[in-house]
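*Asks:* The file below is target23.cif, mmCIF, C-alpha atoms and all ligand atoms:
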data_target
#
loop_
_atom_site.group_PDB
_atom_site.id
_atom_site.type_symbol
_atom_site.label_atom_id
_atom_site.label_comp_id
_atom_site.auth_asym_id
_atom_site.auth_seq_id
_atom_site.Cartn_x
_atom_site.Cartn_y
_atom_site.Cartn_z
ATOM 1 C CA MET A 85 34.277 -75.289 -12.527
ATOM 2 C CA ARG A 86 37.250 -77.604 -11.861
ATOM 3 C CA VAL A 87 38.908 -78.330 -15.222
ATOM 4 C CA GLY A 88 41.470 -81.108 -15.740
ATOM 5 C CA ILE A 89 43.711 -81.324 -18.812
ATOM 6 C CA VAL A 90 45.030 -84.666 -20.056
ATOM 7 C CA GLY A 91 48.002 -84.354 -22.418
ATOM 8 C CA CYS A 92 48.922 -81.108 -20.633
ATOM 9 C CA GLY A 93 52.456 -81.064 -22.094
ATOM 10 C CA GLY A 94 51.356 -81.178 -25.753
ATOM 11 C CA ARG A 95 50.996 -78.271 -28.181
ATOM 12 C CA MET A 96 47.273 -77.975 -27.418
ATOM 13 C CA GLY A 97 47.695 -79.037 -23.772
ATOM 14 C CA LEU A 98 49.971 -76.082 -22.984
ATOM 15 C CA MET A 99 47.617 -73.713 -24.795
ATOM 16 C CA LEU A 100 44.726 -75.122 -22.731
ATOM 17 C CA VAL A 101 46.602 -74.575 -19.445
ATOM 18 C CA ARG A 102 47.039 -70.891 -20.398
ATOM 19 C CA GLU A 103 43.390 -70.572 -21.456
ATOM 20 C CA VAL A 104 41.991 -72.193 -18.281
ATOM 21 C CA ALA A 105 44.271 -70.012 -16.123
ATOM 22 C CA ALA A 106 42.910 -66.910 -17.896
ATOM 23 C CA THR A 107 39.208 -67.892 -17.762
ATOM 24 C CA PRO A 108 37.038 -66.546 -14.933
ATOM 25 C CA GLY A 109 34.976 -69.354 -13.417
ATOM 26 C CA ALA A 110 37.495 -72.045 -14.377
ATOM 27 C CA ILE A 111 39.902 -73.577 -11.864
ATOM 28 C CA LEU A 112 42.770 -75.744 -13.075
ATOM 29 C CA ALA A 113 42.241 -79.063 -11.252
ATOM 30 C CA GLY A 114 45.419 -80.663 -12.649
ATOM 31 C CA GLY A 115 47.006 -82.146 -15.719
ATOM 32 C CA THR A 116 48.350 -85.492 -16.843
ATOM 33 C CA GLU A 117 50.934 -86.701 -19.318
ATOM 34 C CA ARG A 118 51.799 -90.205 -20.502
ATOM 35 C CA PRO A 119 54.057 -92.235 -18.153
ATOM 36 C CA GLY A 120 57.706 -91.276 -18.724
ATOM 37 C CA ALA A 121 56.896 -87.906 -20.369
ATOM 38 C CA ALA A 122 59.444 -85.126 -19.820
ATOM 39 C CA GLY A 123 57.302 -82.635 -17.859
ATOM 40 C CA LEU A 124 55.979 -85.013 -15.164
ATOM 41 C CA GLY A 125 56.220 -83.504 -11.661
ATOM 42 C CA ARG A 126 56.710 -79.944 -12.963
ATOM 43 C CA ASP A 127 54.315 -77.095 -12.202
ATOM 44 C CA LEU A 128 51.747 -76.670 -14.990
ATOM 45 C CA GLY A 129 52.081 -72.888 -14.946
ATOM 46 C CA THR A 130 55.855 -73.074 -15.345
ATOM 47 C CA LEU A 131 55.488 -75.615 -18.193
ATOM 48 C CA ALA A 132 53.070 -73.261 -19.978
ATOM 49 C CA GLY A 133 55.292 -70.188 -19.553
ATOM 50 C CA LEU A 134 53.187 -68.652 -16.758
ATOM 51 C CA ASP A 135 53.836 -68.022 -13.076
ATOM 52 C CA PRO A 136 53.586 -71.252 -11.015
ATOM 53 C CA LEU A 137 49.960 -72.370 -10.538
ATOM 54 C CA GLY A 138 50.606 -74.763 -7.626
ATOM 55 C CA VAL A 139 49.520 -77.864 -9.611
ATOM 56 C CA ALA A 140 52.037 -80.403 -10.930
ATOM 57 C CA ALA A 141 51.765 -82.606 -14.059
ATOM 58 C CA SER A 142 51.097 -86.240 -13.101
ATOM 59 C CA ASP A 143 50.476 -89.552 -14.881
ATOM 60 C CA ASP A 144 47.490 -90.491 -12.679
ATOM 61 C CA ALA A 145 44.466 -89.990 -14.939
ATOM 62 C CA ALA A 146 42.061 -91.703 -12.500
ATOM 63 C CA ALA A 147 42.957 -89.191 -9.760
ATOM 64 C CA LEU A 148 42.510 -86.296 -12.199
ATOM 65 C CA PHE A 149 39.014 -87.448 -13.222
ATOM 66 C CA ALA A 150 38.064 -87.823 -9.532
ATOM 67 C CA ALA A 151 39.225 -84.237 -8.840
ATOM 68 C CA SER A 152 37.597 -82.580 -11.890
ATOM 69 C CA ASP A 153 34.102 -81.511 -12.962
ATOM 70 C CA VAL A 154 35.256 -81.717 -16.564
ATOM 71 C CA VAL A 155 38.373 -82.976 -18.348
ATOM 72 C CA ILE A 156 39.703 -81.699 -21.683
ATOM 73 C CA ASP A 157 41.475 -84.237 -23.914
ATOM 74 C CA PHE A 158 43.631 -83.317 -26.921
ATOM 75 C CA THR A 159 45.924 -86.368 -26.954
ATOM 76 C CA ALA A 160 45.895 -89.434 -29.239
ATOM 77 C CA PRO A 161 43.117 -91.951 -30.075
ATOM 78 C CA ALA A 162 44.202 -94.824 -27.770
ATOM 79 C CA ALA A 163 44.627 -92.443 -24.817
ATOM 80 C CA THR A 164 41.276 -90.764 -25.519
ATOM 81 C CA VAL A 165 39.386 -94.075 -25.448
ATOM 82 C CA GLY A 166 40.906 -94.837 -22.022
ATOM 83 C CA HIS A 167 39.929 -91.376 -20.780
ATOM 84 C CA ALA A 168 36.357 -91.860 -22.027
ATOM 85 C CA THR A 169 36.124 -95.025 -19.895
ATOM 86 C CA LEU A 170 37.248 -93.013 -16.854
ATOM 87 C CA ALA A 171 34.665 -90.320 -17.662
ATOM 88 C CA ALA A 172 31.928 -92.969 -17.798
ATOM 89 C CA GLU A 173 33.072 -94.559 -14.511
ATOM 90 C CA THR A 174 33.218 -91.245 -12.633
ATOM 91 C CA GLY A 175 30.405 -89.374 -14.444
ATOM 92 C CA THR A 176 32.904 -86.576 -15.171
ATOM 93 C CA ALA A 177 32.181 -84.503 -18.273
ATOM 94 C CA LEU A 178 34.717 -84.894 -21.099
ATOM 95 C CA VAL A 179 35.653 -82.541 -23.945
ATOM 96 C CA VAL A 180 37.506 -84.343 -26.751
ATOM 97 C CA GLY A 181 39.510 -82.615 -29.496
ATOM 98 C CA THR A 182 41.641 -85.624 -30.485
ATOM 99 C CA THR A 183 41.394 -86.439 -34.211
ATOM 100 C CA GLY A 184 42.203 -89.576 -36.201
ATOM 101 C CA LEU A 185 39.638 -91.616 -34.230
ATOM 102 C CA SER A 186 38.586 -94.916 -35.849
ATOM 103 C CA ALA A 187 34.986 -96.158 -36.125
ATOM 104 C CA ALA A 188 35.659 -98.395 -33.099
ATOM 105 C CA ASP A 189 37.013 -95.387 -31.144
ATOM 106 C CA HIS A 190 33.874 -93.412 -32.025
ATOM 107 C CA ALA A 191 31.717 -96.310 -30.813
ATOM 108 C CA ALA A 192 33.633 -96.400 -27.500
ATOM 109 C CA LEU A 193 33.093 -92.649 -27.044
ATOM 110 C CA ALA A 194 29.381 -92.955 -27.833
ATOM 111 C CA GLU A 195 29.130 -95.731 -25.224
ATOM 112 C CA ALA A 196 30.861 -93.537 -22.602
ATOM 113 C CA ALA A 197 28.494 -90.686 -23.503
ATOM 114 C CA SER A 198 25.565 -92.731 -22.232
ATOM 115 C CA ARG A 199 27.000 -92.232 -18.728
ATOM 116 C CA ALA A 200 28.639 -88.784 -18.881
ATOM 117 C CA PRO A 201 28.250 -85.611 -20.986
ATOM 118 C CA LEU A 202 30.833 -85.749 -23.789
ATOM 119 C CA VAL A 203 31.575 -82.971 -26.283
ATOM 120 C CA LEU A 204 33.439 -84.182 -29.377
ATOM 121 C CA SER A 205 34.594 -81.828 -32.119
ATOM 122 C CA ALA A 206 37.301 -82.090 -34.764
ATOM 123 C CA ASN A 207 37.571 -78.303 -34.624
ATOM 124 C CA PHE A 208 36.638 -76.066 -31.705
ATOM 125 C CA SER A 209 36.909 -72.747 -33.579
ATOM 126 C CA LEU A 210 33.824 -70.608 -34.096
ATOM 127 C CA GLY A 211 34.755 -69.974 -37.736
ATOM 128 C CA VAL A 212 34.966 -73.632 -38.758
ATOM 129 C CA ASN A 213 31.694 -74.440 -37.026
ATOM 130 C CA LEU A 214 30.015 -71.662 -39.021
ATOM 131 C CA LEU A 215 31.746 -72.941 -42.170
ATOM 132 C CA LEU A 216 30.293 -76.449 -41.619
ATOM 133 C CA GLY A 217 26.779 -75.000 -41.828
ATOM 134 C CA LEU A 218 27.647 -72.971 -44.934
ATOM 135 C CA VAL A 219 29.150 -75.973 -46.725
ATOM 136 C CA ARG A 220 26.111 -78.105 -46.018
ATOM 137 C CA LYS A 221 23.834 -75.375 -47.352
ATOM 138 C CA VAL A 222 25.870 -74.732 -50.518
ATOM 139 C CA ALA A 223 26.119 -78.478 -51.255
ATOM 140 C CA ALA A 224 22.359 -78.842 -50.808
ATOM 141 C CA THR A 225 21.710 -75.897 -53.147
ATOM 142 C CA LEU A 226 24.055 -76.825 -55.997
ATOM 143 C CA GLY A 227 23.278 -79.708 -58.351
ATOM 144 C CA ASP A 228 25.335 -82.875 -58.849
ATOM 145 C CA ASP A 229 27.107 -81.254 -61.823
ATOM 146 C CA TRP A 230 29.195 -79.372 -59.239
ATOM 147 C CA ASP A 231 32.297 -81.285 -58.095
ATOM 148 C CA ILE A 232 33.280 -80.942 -54.424
ATOM 149 C CA GLU A 233 36.916 -81.042 -53.273
ATOM 150 C CA VAL A 234 38.301 -80.436 -49.755
ATOM 151 C CA LEU A 235 41.835 -79.060 -49.458
ATOM 152 C CA GLU A 236 43.725 -78.793 -46.177
ATOM 153 C CA MET A 237 47.202 -77.794 -44.973
ATOM 154 C CA HIS A 238 48.743 -78.368 -41.546
ATOM 155 C CA HIS A 239 52.139 -78.192 -39.826
ATOM 156 C CA ARG A 240 54.769 -80.873 -40.422
ATOM 157 C CA HIS A 241 54.119 -82.660 -37.087
ATOM 158 C CA LYS A 242 50.510 -83.656 -37.770
ATOM 159 C CA VAL A 243 50.123 -87.460 -37.717
ATOM 160 C CA ASP A 244 46.655 -88.075 -39.245
ATOM 161 C CA ALA A 245 45.351 -87.286 -42.742
ATOM 162 C CA PRO A 246 43.043 -85.956 -44.035
ATOM 163 C CA SER A 247 42.539 -83.739 -40.982
ATOM 164 C CA GLY A 248 39.516 -84.359 -38.766
ATOM 165 C CA THR A 249 38.231 -80.953 -39.849
ATOM 166 C CA ALA A 250 38.578 -81.810 -43.556
ATOM 167 C CA LEU A 251 36.583 -84.989 -42.957
ATOM 168 C CA ALA A 252 33.954 -83.024 -41.003
ATOM 169 C CA LEU A 253 33.689 -80.568 -43.922
ATOM 170 C CA GLY A 254 33.341 -83.530 -46.302
ATOM 171 C CA ARG A 255 30.613 -84.988 -44.076
ATOM 172 C CA ALA A 256 28.808 -81.624 -44.085
ATOM 173 C CA ALA A 257 28.935 -81.521 -47.903
ATOM 174 C CA ALA A 258 27.749 -85.138 -48.129
ATOM 175 C CA ALA A 259 24.913 -84.408 -45.685
ATOM 176 C CA GLY A 260 23.853 -81.480 -47.896
ATOM 177 C CA ARG A 261 23.570 -83.956 -50.774
ATOM 178 C CA ALA A 262 21.912 -86.565 -48.550
ATOM 179 C CA VAL A 263 24.664 -89.131 -49.174
ATOM 180 C CA ASP A 264 27.059 -90.997 -46.865
ATOM 181 C CA LEU A 265 30.608 -89.603 -47.090
ATOM 182 C CA ASP A 266 32.178 -93.074 -46.811
ATOM 183 C CA ALA A 267 30.398 -94.090 -50.030
ATOM 184 C CA VAL A 268 31.719 -91.125 -52.066
ATOM 185 C CA LYS A 269 35.064 -90.032 -50.602
ATOM 186 C CA ASP A 270 38.317 -90.062 -52.583
ATOM 187 C CA THR A 271 41.158 -89.534 -50.108
ATOM 188 C CA VAL A 272 43.987 -90.785 -52.340
ATOM 189 C CA ARG A 273 44.702 -90.115 -56.021
ATOM 190 C CA ASP A 274 47.912 -91.510 -57.424
ATOM 191 C CA GLY A 275 48.929 -92.823 -60.833
ATOM 192 C CA HIS A 276 46.418 -93.552 -63.596
ATOM 193 C CA THR A 277 43.251 -92.732 -61.669
ATOM 194 C CA GLY A 278 40.853 -92.375 -64.587
ATOM 195 C CA ALA A 279 38.444 -89.455 -64.850
ATOM 196 C CA ARG A 280 36.819 -87.968 -61.766
ATOM 197 C CA VAL A 281 33.796 -90.005 -60.624
ATOM 198 C CA PRO A 282 30.654 -87.817 -60.671
ATOM 199 C CA GLY A 283 29.290 -87.214 -57.174
ATOM 200 C CA HIS A 284 32.525 -88.118 -55.400
ATOM 201 C CA ILE A 285 34.025 -85.785 -52.786
ATOM 202 C CA GLY A 286 37.807 -85.495 -53.117
ATOM 203 C CA PHE A 287 40.430 -84.647 -50.483
ATOM 204 C CA ALA A 288 43.904 -83.165 -50.860
ATOM 205 C CA THR A 289 46.368 -82.983 -47.981
ATOM 206 C CA LEU A 290 49.348 -80.627 -47.667
ATOM 207 C CA ARG A 291 51.848 -80.774 -44.780
ATOM 208 C CA GLY A 292 54.594 -78.299 -43.975
ATOM 209 C CA GLY A 293 56.132 -75.736 -41.636
ATOM 210 C CA ASP A 294 54.089 -74.460 -38.734
ATOM 211 C CA VAL A 295 50.686 -74.007 -40.421
ATOM 212 C CA VAL A 296 48.060 -74.212 -37.645
ATOM 213 C CA GLY A 297 45.253 -75.279 -40.016
ATOM 214 C CA ASP A 298 43.945 -74.091 -43.397
ATOM 215 C CA HIS A 299 40.818 -75.598 -44.978
ATOM 216 C CA THR A 300 39.115 -74.860 -48.292
ATOM 217 C CA VAL A 301 36.014 -76.475 -49.741
ATOM 218 C CA LEU A 302 35.871 -76.055 -53.525
ATOM 219 C CA PHE A 303 32.707 -76.354 -55.567
ATOM 220 C CA ALA A 304 33.593 -76.531 -59.282
ATOM 221 C CA THR A 305 31.492 -76.812 -62.420
ATOM 222 C CA GLU A 306 31.857 -75.731 -66.060
ATOM 223 C CA ALA A 307 33.268 -72.158 -66.131
ATOM 224 C CA GLU A 308 32.444 -71.432 -62.487
ATOM 225 C CA ARG A 309 33.962 -72.126 -59.068
ATOM 226 C CA ILE A 310 33.139 -71.311 -55.430
ATOM 227 C CA GLU A 311 35.812 -71.563 -52.733
ATOM 228 C CA LEU A 312 34.986 -71.387 -49.006
ATOM 229 C CA THR A 313 38.115 -71.003 -46.866
ATOM 230 C CA HIS A 314 38.985 -70.889 -43.169
ATOM 231 C CA LYS A 315 42.497 -70.157 -41.888
ATOM 232 C CA ALA A 316 43.466 -70.662 -38.251
ATOM 233 C CA GLY A 317 46.166 -68.180 -37.191
ATOM 234 C CA SER A 318 46.723 -69.577 -33.683
ATOM 235 C CA ARG A 319 45.885 -72.668 -31.618
ATOM 236 C CA ALA A 320 44.376 -70.242 -29.104
ATOM 237 C CA ILE A 321 41.081 -70.333 -31.069
ATOM 238 C CA PHE A 322 40.753 -74.099 -30.441
ATOM 239 C CA ALA A 323 41.663 -73.725 -26.752
ATOM 240 C CA ARG A 324 39.119 -70.906 -26.325
ATOM 241 C CA GLY A 325 36.349 -73.032 -27.864
ATOM 242 C CA ALA A 326 37.320 -76.121 -25.856
ATOM 243 C CA VAL A 327 37.259 -74.198 -22.560
ATOM 244 C CA ARG A 328 33.872 -72.738 -23.520
ATOM 245 C CA ALA A 329 32.674 -76.325 -24.108
ATOM 246 C CA ALA A 330 34.221 -77.367 -20.772
ATOM 247 C CA LEU A 331 32.220 -74.744 -18.858
ATOM 248 C CA TRP A 332 29.032 -75.874 -20.654
ATOM 249 C CA ALA A 333 29.339 -79.691 -20.593
ATOM 250 C CA PRO A 334 28.960 -80.394 -16.826
ATOM 251 C CA THR A 335 25.588 -78.561 -16.882
ATOM 252 C CA GLN A 336 24.227 -81.077 -19.422
ATOM 253 C CA PRO A 337 22.797 -84.589 -18.962
ATOM 254 C CA PRO A 338 24.880 -87.537 -20.273
ATOM 255 C CA GLY A 339 25.002 -87.568 -24.072
ATOM 256 C CA LEU A 340 27.222 -87.015 -27.096
ATOM 257 C CA TYR A 341 27.372 -83.355 -28.072
ATOM 258 C CA GLY A 342 29.122 -81.321 -30.760
ATOM 259 C CA MET A 343 30.346 -77.735 -30.847
ATOM 260 C CA GLU A 344 27.103 -76.774 -32.601
ATOM 261 C CA HIS A 345 25.264 -77.602 -29.355
ATOM 262 C CA VAL A 346 27.724 -75.586 -27.250
ATOM 263 C CA LEU A 347 27.390 -72.582 -29.584
ATOM 264 C CA GLY A 348 23.625 -73.034 -29.983
ATOM 265 C CA LEU A 349 23.960 -73.064 -33.797
HETATM 266 P P1 LIG A 401 50.842 -83.142 -29.356
HETATM 267 O O1 LIG A 401 51.510 -84.391 -29.830
HETATM 268 O O2 LIG A 401 51.651 -81.880 -29.258
HETATM 269 O O3 LIG A 401 50.162 -83.385 -27.917
HETATM 270 C C1 LIG A 401 49.563 -84.584 -27.496
HETATM 271 C C2 LIG A 401 49.969 -84.818 -26.063
HETATM 272 O O4 LIG A 401 49.227 -85.910 -25.511
HETATM 273 C C3 LIG A 401 51.470 -85.175 -25.932
HETATM 274 O O5 LIG A 401 52.085 -84.316 -24.981
HETATM 275 C C4 LIG A 401 51.434 -86.623 -25.440
HETATM 276 O O6 LIG A 401 52.517 -86.962 -24.598
HETATM 277 C C5 LIG A 401 50.113 -86.624 -24.669
HETATM 278 N N1 LIG A 401 49.598 -87.973 -24.399
HETATM 279 C C6 LIG A 401 49.598 -89.073 -25.213
HETATM 280 N N2 LIG A 401 49.080 -90.129 -24.577
HETATM 281 C C7 LIG A 401 48.720 -89.695 -23.325
HETATM 282 C C8 LIG A 401 48.137 -90.317 -22.190
HETATM 283 N N3 LIG A 401 47.804 -91.614 -22.190
HETATM 284 N N4 LIG A 401 47.890 -89.568 -21.080
HETATM 285 C C9 LIG A 401 48.215 -88.244 -21.049
HETATM 286 N N5 LIG A 401 48.804 -87.607 -22.089
HETATM 287 C C10 LIG A 401 49.044 -88.330 -23.215
HETATM 288 O O7 LIG A 401 49.609 -82.928 -30.331
HETATM 289 P P2 LIG A 401 48.676 -81.633 -30.521
HETATM 290 O O8 LIG A 401 49.140 -80.847 -31.702
HETATM 291 O O9 LIG A 401 48.504 -80.930 -29.198
HETATM 292 O O10 LIG A 401 47.317 -82.347 -30.943
HETATM 293 C C11 LIG A 401 46.687 -83.323 -30.119
HETATM 294 C C12 LIG A 401 45.422 -83.808 -30.805
HETATM 295 O O11 LIG A 401 44.488 -82.737 -30.899
HETATM 296 C C13 LIG A 401 45.629 -84.304 -32.250
HETATM 297 O O12 LIG A 401 44.766 -85.401 -32.484
HETATM 298 C C14 LIG A 401 45.215 -83.102 -33.090
HETATM 299 O O13 LIG A 401 44.799 -83.444 -34.398
HETATM 300 C C15 LIG A 401 44.069 -82.592 -32.263
HETATM 301 N N6 LIG A 401 43.695 -81.186 -32.486
HETATM 302 C C16 LIG A 401 42.363 -80.929 -32.471
HETATM 303 C C17 LIG A 401 41.900 -79.629 -32.593
HETATM 304 C C18 LIG A 401 40.425 -79.367 -32.457
HETATM 305 O O14 LIG A 401 39.980 -78.190 -32.510
HETATM 306 N N7 LIG A 401 39.610 -80.411 -32.278
HETATM 307 C C19 LIG A 401 42.815 -78.568 -32.731
HETATM 308 C C20 LIG A 401 44.186 -78.869 -32.731
HETATM 309 C C21 LIG A 401 44.610 -80.191 -32.592
#
Using structure tokens, write down the structure that the file contains.
Ligand code: NAD
*Replies:*
Amino acid sequence: MRVGIVGCGGRMGLMLVREVAATPGAILAGGTERPGAAGLGRDLGTLAGLDPLGVAASDDAAALFAASDVVIDFTAPAATVGHATLAAETGTALVVGTTGLSAADHAALAEAASRAPLVLSANFSLGVNLLLGLVRKVAATLGDDWDIEVLEMHHRHKVDAPSGTALALGRAAAAGRAVDLDAVKDTVRDGHTGARVPGHIGFATLRGGDVVGDHTVLFATEAERIELTHKAGSRAIFARGAVRAALWAPTQPPGLYGMEHVLGL
């Protein structure tokens, strides 16, 4: 399977280069960076701390899509929407890990997925995908007298908040209660907020250091509390899941898929 990586010089991009190089059945087709980025023209292996792989970083995304069976995208929302258009035009499968996507971005990805297989997940780790199912089940089991709060912490460089994973966990809890997250989410509390609104799902965001990603969903009622926690120790878990999705996606018909489909959950 020929795998292309857009955003190959980023934190996740470099991890993905190492993961593709180490995966039997995957061939690194190439990698792109944004025009003017520092690593352009350099060997992808060298950039990722490996022996040279004979493929250089370029800024020609169209050429990369033409040369790949599947492209993995952990970049930024505007770039991802452009890449989804290229996937639709070429029929190349696309695996998207970018978070912070707007409703309009999601609509653009869904449109592209009518012409190419597209796997979209805010978190490619096995553990978080299992946690999503658990949260949905616990929320469905507990009554409305249980308050639900989602707490997350990430490294100081993260640019979107709450994290895509925290929002996915909130959506799982809301789905368990058969409500729409947008109607019940509290993402900001500041000043005189008044008492907690029953049925709302709250979010708290921490940023600092090099934390790869910690998420806790709290269920709290009178005199009792349940806390479900996942801690990511390395970005390698996301890269491993994304490459697994990349080997799976080109075998599927066009459509929008999640990690639960890849894992058969
Ligand atoms: P990063 O800033 O280190 O890397 C992003 C890279 O994309 C940069 O190198 C940037 O130059 C490049 N880029 C931007 N526009 C581009 C374009 N048009 N063409 C090619 N490259 C372009 O960020 P990161 O920590 O690697 O995270 C990237 C994204 O992945 C974020 O949205 C983050 O939240 C998300 N993420 C998702 C998961 C998951 O499992 N879904 C896990 C970790 C991070």
*Asks:* Could I get the residue neighbourhood of ligand LIG 401 (chain A) at 6 Å, counting all atoms listed in the file, as a PDB file with C-alpha atoms, in the coordinates of the input?
*Replies:*
ATOM      1  CA  VAL A  90      45.030 -84.666 -20.056  1.00  0.00           C
ATOM      2  CA  GLY A  91      48.002 -84.354 -22.418  1.00  0.00           C
ATOM      3  CA  GLY A  93      52.456 -81.064 -22.094  1.00  0.00           C
ATOM      4  CA  GLY A  94      51.356 -81.178 -25.753  1.00  0.00           C
ATOM      5  CA  ARG A  95      50.996 -78.271 -28.181  1.00  0.00           C
ATOM      6  CA  MET A  96      47.273 -77.975 -27.418  1.00  0.00           C
ATOM      7  CA  GLY A  97      47.695 -79.037 -23.772  1.00  0.00           C
ATOM      8  CA  THR A 116      48.350 -85.492 -16.843  1.00  0.00           C
ATOM      9  CA  GLU A 117      50.934 -86.701 -19.318  1.00  0.00           C
ATOM     10  CA  ARG A 118      51.799 -90.205 -20.502  1.00  0.00           C
ATOM     11  CA  PHE A 158      43.631 -83.317 -26.921  1.00  0.00           C
ATOM     12  CA  THR A 159      45.924 -86.368 -26.954  1.00  0.00           C
ATOM     13  CA  ALA A 160      45.895 -89.434 -29.239  1.00  0.00           C
ATOM     14  CA  ALA A 163      44.627 -92.443 -24.817  1.00  0.00           C
ATOM     15  CA  GLY A 181      39.510 -82.615 -29.496  1.00  0.00           C
ATOM     16  CA  THR A 182      41.641 -85.624 -30.485  1.00  0.00           C
ATOM     17  CA  THR A 183      41.394 -86.439 -34.211  1.00  0.00           C
ATOM     18  CA  SER A 205      34.594 -81.828 -32.119  1.00  0.00           C
ATOM     19  CA  ALA A 206      37.301 -82.090 -34.764  1.00  0.00           C
ATOM     20  CA  ASN A 207      37.571 -78.303 -34.624  1.00  0.00           C
ATOM     21  CA  PHE A 208      36.638 -76.066 -31.705  1.00  0.00           C
ATOM     22  CA  PHE A 322      40.753 -74.099 -30.441  1.00  0.00           C
TER      23      PHE A 322
END
*Asks:* Can you translate the PyMOL selection byres (((chain A and resi 186) around 12) and not hetatm) into the concrete residues it hits in this file, as a ChimeraX atom specification?
*Replies:* /A:160-162,164-165,182-185,187-193,244,248
*Asks:* Can you pull out every residue within 12 Å of Val295 in chain A, counting only C-alpha atoms, but drop anything in the same chain fewer than 6 positions away, and send it as a JSON list (two decimals) with C-alpha atoms, in the frame of the given file?
*Replies:*
[["chain", "number", "residue", "atom", "x", "y", "z"],
["A", 236, "GLU", "CA", 43.72, -78.79, -46.18],
["A", 237, "MET", "CA", 47.20, -77.79, -44.97],
["A", 238, "HIS", "CA", 48.74, -78.37, -41.55],
["A", 239, "HIS", "CA", 52.14, -78.19, -39.83],
["A", 240, "ARG", "CA", 54.77, -80.87, -40.42],
["A", 241, "HIS", "CA", 54.12, -82.66, -37.09],
["A", 242, "LYS", "CA", 50.51, -83.66, -37.77],
["A", 315, "LYS", "CA", 42.50, -70.16, -41.89],
["A", 316, "ALA", "CA", 43.47, -70.66, -38.25],
["A", 317, "GLY", "CA", 46.17, -68.18, -37.19],
["A", 318, "SER", "CA", 46.72, -69.58, -33.68],
["A", 319, "ARG", "CA", 45.88, -72.67, -31.62]]
*Asks:* Please expand the PyMOL selection byres (((chain A and resi 221) around 12) and not hetatm) into the concrete residues it hits in this file, giving the result as a PyMOL selection string.
*Replies:* chain A and resi 214-220+222-227+253+256-262+312
*Asks:* Could you state the separation of CA of Gly293 in chain A and CA of Ala323 in chain A in Å, given to one decimal place?
*Replies:*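 Here the two named atoms are 20.9 Å from each other.
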*Asks:* Residues of range 178-280 of chain A that approach range 137-154 of chain A to 10 Å or less, counting all atoms listed in the file: could you list each one with the shortest pair of atoms and its distance in Å to one decimal, rows by chain and increasing residue number, as JSON lines?
*Replies:*
{"residue": "A:Leu178", "atom": "CA", "partner": "A:Val154", "partner_atom": "CA", "distance": 5.6}
{"residue": "A:Val179", "atom": "CA", "partner": "A:Val154", "partner_atom": "CA", "distance": 7.4}
{"residue": "A:Ala200", "atom": "CA", "partner": "A:Val154", "partner_atom": "CA", "distance": 10.0}
{"residue": "A:Pro201", "atom": "CA", "partner": "A:Val154", "partner_atom": "CA", "distance": 9.2}
{"residue": "A:Leu202", "atom": "CA", "partner": "A:Val154", "partner_atom": "CA", "distance": 9.4}
*Asks:* For C-alpha atoms, I'd like the residues from the last selection saved as a compact mmCIF listing (two decimals), in the coordinates of the input.
*Replies:*
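Just written: result.txt:
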# COMPACT_ATOMS: atom_id res chain seq x y z
CA LEU A 178 34.72 -84.89 -21.10
CA VAL A 179 35.65 -82.54 -23.94
CA ALA A 200 28.64 -88.78 -18.88
CA PRO A 201 28.25 -85.61 -20.99
CA LEU A 202 30.83 -85.75 -23.79
*Asks:* Between CA of Arg255 in chain A and CA of Leu210 in chain A, what is the distance, to one decimal in Å?
*Replies:*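 Computing it gives 17.8 Å between the two atoms.
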